[in-house]
Every structure is written in C-alpha cells, then in structure tokens.
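Student: Here it is: the structure, laid out below.
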Amino acid sequence: MPKSERLAWPILLLLLTVLVPSAGVVWMMREAVRNERLASNQRLREAYQIQLEAAVQAVRNGWASKESPDKLDGKSPAQWFAEFVTCGNLDSVLITDGQGNIVYPDPSSSAPQRMEITHPLWLEAVKSEFTDERISAAANAYADLAQQSDNAVRRARSRQAQVRCLLKSNDAATAIKVLQTQRQLADLCDVDGRSFAAAAELRLLELLAPQTSAWVEVHHSLYQRLGNYDDVTMTSAQRRFLMSQLPRSSDMPNDWPTHDAESLAAQAAATKDIVKTDSRLQPTSLPDVWARTSLGGRMIELYRTETLRNTLLRLADGSPLPRGVALDVTSPFEPSNALMDMAFGDDLGRWRLGLTMTDGNLYDEVSEQRRAVHLWIGLLVIAVTCVLAWMLASALRQRLWLAQLKNDLVATVSHELKTPLASTRLLVDTLLAVDQDHEHQHDAKRTREYLQLISHENARLTRLIENFLTFSRVDQGKAVLNFQWIPISDLVDQAAKVFREHTGIDDESLQVGDVPDVTVSGELDSLVTAIVNLLENAWKYSQEPRQISMTTEVGNQQVRLTVRDNGIGMTAREIDRAFDRFYQVDQRVSRTRGGCGLGLSIVKAIVMSHGGSVHVESEPGQGSRFTLCLPQAASQLTPKQK
C-alpha cells in the first residue's frame, strides 16, 4: 500500500477529532452568549426597574411635601404672589378668593372719574387744551385746580394734566419740577389703583439726561418701587407696564424675579379654563404651561414645561444609579427615548420618569463583556484541542516514522545479509562440488580464490553487523567511550589502512595529504569507524576512476579532517537529510553497492559524542566534501590559545 494511502485514514480521523469538538464548542459558545445576553438584559431590567420605582416614589414624596402655607392670611395677594414666585419652584401663580375669582393679578377697574369731569376748572382746562388748543392757558388752569382742590387725588390728577400741557409747550424744566413733586406721593393712587409716584418717575426718566446723577437716582428709586410688593398703591397691570418700559442700562439693574411671572399670570388670568383646574397637574390652553390648584382653591400654580421638568428631576436627584445611566423626565405629549420609564400618576399629569443611557447601550456593554469571557473560554478550549491534536499528530507521525524505519531496517538487513550469505553459500557449494570431482581435486589455485572470496564476503557481513551493533549502542545511549590522547597521524593512517583492506583499492584511488603533528582526545576505534564510514561512503557513490582524498588542517583550536570524492553529489534537500537514519541518496546505487543508510548517522553520533561536528558541501555531479571538526587536545594549546 502506498504511503499516502496509509496516512489518509489517520489524517482524516485526526481532522475529525479536531473539527467535531471545535464545531461543538463554537455552537455551544454561540448559544451561551445568546442566553447570557438575554439573562443579563433581564437582570439589568429588573435591577433598573427597582431603582426607577424608588426614584418615582422619591419624586412623589418630594412633590407632596413642597412647602406651602396652610392659608393666605396676614398678607396681601401681591405679597403672596411675590413670595411664591421668588421661592423658585414654579413660574407664576394666580391668587383667588376661594370662589373662583382672581384677586391677583388684580382685575382692572372701570370706575368713572366724576369728580374730575364735573369740576368747572377742570372743564375749562380741558376746553382750552383740546378745543381751543391754548396749551399754556390749559397748563395754568390745571395748576390753579391743583392749588385750590382739597382732594389729594384730584390734585395729583391735575398735576399730571399740567405736565402733559407743559411738555406740549416745550417747557420741560417746569414739567420736571412738577414731576419731582409728584414723586413724593408715595401712598397715593388714582381711582383705578395706579400709583402717581411711579408714573411720575417713569416720565422723569424720559426727560432727564441719561446716566446723570439725577437720572440714576430716579432709575434706582423706580426699580426698587417696582420690586416692592409691600406697596399696595400699584396695580399689577401698572407694575407690568412699568417693568416693560423701564429704560435698560448695562450699569443699572433691569430685571426682577417676578417680571416673567407677572406676564404669565396676566395671560393665565385672561384664560377662562385655568380657574377650573383642580389639584391634579394638567396642561392649559397656554402653550407649554401646566397648572394645578392648591390651598383649597386659593392659589393656582403655573408651571412651564421646562420648569416642571427641572423640578421633577431635582426631586429625583440623589437616587442611586449605576454607571452609564441617567434620569430623564418627559411629558405625556413627548415621545420617550428612555430605556424604560414609569408614569408619576394622575396627580402629576401623567409625566414620566425614565432611564437613559449616557455611555451607549449598557445592555450591549454587559453582553459584550460576557461574550468576551465566553469567546476566550471557547478559544482556549479550541486552542487546547488543537494543541492536543498536534501532539497526537506528532506522536502518530513519530510512530509511523518508527514503523517505517523498522520496515526499512528489516528490508535493508534482509537484503544486505542475503547477499553475502548467498555468495558464501554459492562458493562453499562450488568448493564441495570441486572436492567431489576427482579431476579438479588438486586445483589449489581455484580453491584459494574461492576462500579469499568467502573471506571477503565474511568481512563484509562482519562490517554490516558491526554497523548495526554500533547504531544500536549509540541509539540506546549504551556506548561507553574510553578517551585518551590520540595523535591525528595514527588516526588517519589506521583509518586508511582499514579502508583499503575493506575495499581492496590501490593507493592511487585514495590520496592522503600531509598530517600535522597534533593530538585529539577520544576513543581510537570509534573515530576510526567514523572516518572509515566517510571513506566507504565516498567510495560507494563515486564512479570509475574514483578519486578520493583525505586532508587534515588545524585552526581555531580545532582539527578539521576532510574527505573529498568525485561522486554523484547531492542536492540541497539531500544534504539536509544526509545524516538521517536509513536515508540513502540513490537507492539504485545503494542496492548495487550495498549499504543500509546508517553510516553517516553513525558518523554524526560518534563525532558529537567527542564534542565535535560534521558537515557536508556538495553539488549534483560535482562530488561531495565531508568535514569532521574535532577539538584539539588541551595539552597542546599554548597559553594564548587557552
């Protein structure tokens, strides 16, 4: 059976041994990763659900415990408005009387000003201003009315009209003086509740030169007046108007915490559906505005969507959250992109609290970690399987190689022993036949020739057996070497002598060069065997006329013995295997000339046991050159060499 066919089934079984477990591991790893991802996702969802429920409960508790008075007693509606707004938890409020009527922002008054309309001086001044267009006369008439009237409101109203006429007549200086007088009426308001002092200060800011000391003083006074909700002489409408009209300056304050709240409250007061809200948070007809009642219906809280979102998030702040997760609040009208969310309930307008990922998908991150663990475990199992398979393959290959060596050994030994035994038997049979033939009994010359041939075949058989025995001792590590100092000349001479006796060649076929006077440490018989094997190898693979040479050199504390021949040579691949057991370069030549492929392997083993080395240089058709390198004996080294 060809060698390829003998190896086919073992290789196939080996591949199946690796592929089947590997495929099973990959499949199980994939299933484990999928199941682990589902399980980890479920565990994370359960953990997040618990944390989300805790955060929702914290928000509900915080919302229910927001500080608010039990009743609105002891303060004016304006004061309560300012206090609720400045606390920062809402955008604005509406203060009611508990019966559905809004008391702040206070409703506008439409009471007639009969006292101003029916007074004769007032009628005369109005006729001069608007009918006759005698502005100066009208200004004087308004001034006379202010001096003669015993009613403070009428006097203030007359001065306002006087200022109007003075400005029409371009008498700003007198108008400023009158307005400075009006500023002192801090506690006086008209029949509609508007403050005369605040109105006068706004007009003064229009007349005075900006950024002067007088202008700055009036600006500061009006700013303080508008932010003072203890002043009951100003309506919410006038306050909103003056806040919007106060000149803006980078060096002066120009905003109040209640400014936007006043505007929102005015818009909400004009919306009829807001007063119908209950204690549940609910959207209004105003865009992005939510409302709810509190304090038994005495207060309507107003929230913008963003403010409500921030308030709910602030109430949820402090809830323990895992890494990569954040809280998010959405209204019932907004789409939620949260990982999971939960509604607060009807009392909070069905707003939702959700968990969002801040560092990608945490589920995928956890799954990737689990997947990496399973992947490395699977790869480790596959790697171990491959390593074991490789070790099994190496052992199998070694066994097959040993089996092949045994087969080659049996075949080689059988062939090599068969040839000399057959020759010896033939010669012995011939001698016996001659001895029985009386005509040739006295042919001593032929008998001697046959005996010489028998001796030659016997020597050949002896060398073959010696090689086998030497190989066996070296291979099993049982070779015992008796080292001694050996002159290299004795080694070369004895090897050449043994070689000539074995082959029967003349001196012309083997040329021995000059041998230096050096010694090596080793066993003589073993080294002679190694050199003889090299010479016989050169003789076996050379063609007639054979030219074999043996030279010796000394250098670098080594003795180099080189054997050259003019044989068939070797390729690079053949050089790599030249010292392998039972390897023969040319099977045809080896079978013709004899040999079992152990000679060079024995050479290498002997040389390495002496601490040396052997290498070969060769080219096809150009012959070969084998070089033995042996350490020079230490006794012959100079101090410098040592």
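Chain labels run A, B, ... following the order of the structure tokens; each chain numbers its residues from 1, and ligands are numbered from 1 in the order shown.
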Compile the contact shell of stretch 605-612 of chain A as a ChimeraX atom specification: residues with an atom at most 6 Å away, counting only C-alpha atoms, same-chain residues fewer than 2 positions apart removed.
Tutor: /A:602-603,629-630
Student: Can you tell me which residues surround stretch 267-280 of chain A at a distance of at most 7 Å, considering only C-alpha atoms, apart from same-chain residues fewer than 2 positions away, and format the answer as a PyMOL selection string?
Tutor: chain A and resi 100+263-265+282+284+292-294+346-349
Student: Which residue, A:Gln632, A:Asn151, A:Ser128, A:Thr424, has the smallest gap to A:Arg560 when you use only C-alpha atoms?
Tutor: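 Ranking A:Gln632, A:Asn151, A:Ser128, A:Thr424 by distance to A:Arg560, first place goes to A:Gln632.
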Student: Check stretch 54-170 of chain A with DSSP on the backbone and list each residue it calls strand (DSSP E or B), as a VMD selection string.
Tutor: chain A and resid 92 to 96 102 to 104
Student: Output N, CA, C and O atoms for every residue in that selection, as an mmCIF file, in the first residue's frame.
Tutor:
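Dumped everything to again.cif:
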```cif
data_model
loop_
_atom_site.group_PDB
_atom_site.id
_atom_site.type_symbol
_atom_site.label_atom_id
_atom_site.label_comp_id
_atom_site.auth_asym_id
_atom_site.auth_seq_id
_atom_site.Cartn_x
_atom_site.Cartn_y
_atom_site.Cartn_z
ATOM 1 N N SER A 92 -45.234 80.924 38.015
ATOM 2 C CA SER A 92 -46.148 82.001 38.390
ATOM 3 C C SER A 92 -47.315 81.388 39.163
ATOM 4 O O SER A 92 -47.472 80.158 39.219
ATOM 5 N N VAL A 93 -48.138 82.268 39.775
ATOM 6 C CA VAL A 93 -49.330 81.819 40.498
ATOM 7 C C VAL A 93 -50.464 82.807 40.249
ATOM 8 O O VAL A 93 -50.237 83.971 39.900
ATOM 9 N N LEU A 94 -51.643 82.302 40.438
ATOM 10 C CA LEU A 94 -52.836 83.146 40.484
ATOM 11 C C LEU A 94 -53.421 83.033 41.883
ATOM 12 O O LEU A 94 -53.628 81.918 42.389
ATOM 13 N N ILE A 95 -53.698 84.185 42.523
ATOM 14 C CA ILE A 95 -54.298 84.198 43.850
ATOM 15 C C ILE A 95 -55.794 84.460 43.671
ATOM 16 O O ILE A 95 -56.198 85.409 42.985
ATOM 17 N N THR A 96 -56.619 83.601 44.266
ATOM 18 C CA THR A 96 -58.074 83.740 44.155
ATOM 19 C C THR A 96 -58.683 83.958 45.530
ATOM 20 O O THR A 96 -58.014 83.835 46.565
ATOM 21 N N ILE A 102 -60.308 85.783 40.655
ATOM 22 C CA ILE A 102 -58.884 86.087 40.763
ATOM 23 C C ILE A 102 -58.713 87.442 41.424
ATOM 24 O O ILE A 102 -59.286 88.447 40.985
ATOM 25 N N VAL A 103 -57.927 87.489 42.479
ATOM 26 C CA VAL A 103 -57.644 88.749 43.166
ATOM 27 C C VAL A 103 -56.235 89.248 42.877
ATOM 28 O O VAL A 103 -55.932 90.412 43.174
ATOM 29 N N TYR A 104 -55.379 88.380 42.371
ATOM 30 C CA TYR A 104 -54.064 88.821 41.869
ATOM 31 C C TYR A 104 -53.635 87.866 40.767
ATOM 32 O O TYR A 104 -53.629 86.648 40.985
#
```
Student: Could you give me, as a PyMOL selection string, each residue of stretch 166-272 of chain A that DSSP assigns to helix (DSSP H, G or I) when run on this structure's backbone?
Tutor: chain A and resi 166-168+172-182+196-207+213-227+236-245+259-269+272
Student: Work out how far atom CA of A:Ala138 is from atom CA of A:Val126, in Å to one decimal.
Tutor: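 That distance, rounded to one decimal, is 6.9 Å.
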Student: Between A:Glu133, A:Asp580, A:Asp288, A:Glu124, which residue has the minimum interatomic distance to A:Phe333, considering only C-alpha atoms?
Tutor: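 For A:Phe333, the nearest of the candidates is A:Asp288.
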Student: Quick one: pull the distance between atom CA of A:Asp171 and atom CA of A:Gln184, Å, one decimal.
Tutor: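 About the pair atom CA of A:Asp171 and atom CA of A:Gln184: they are 21.2 Å apart.
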Student: Suppose you want the space between atom CA of A:Ile531 and atom CA of A:Val498; what is it in Å?
Tutor: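 So the answer is 9.9 Å.
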Student: Rank nothing, just name the residue among A:Leu205, A:Ala55, A:Leu327, A:Ile176 nearest to A:Val218, using only C-alpha atoms.
Tutor: A:Leu205
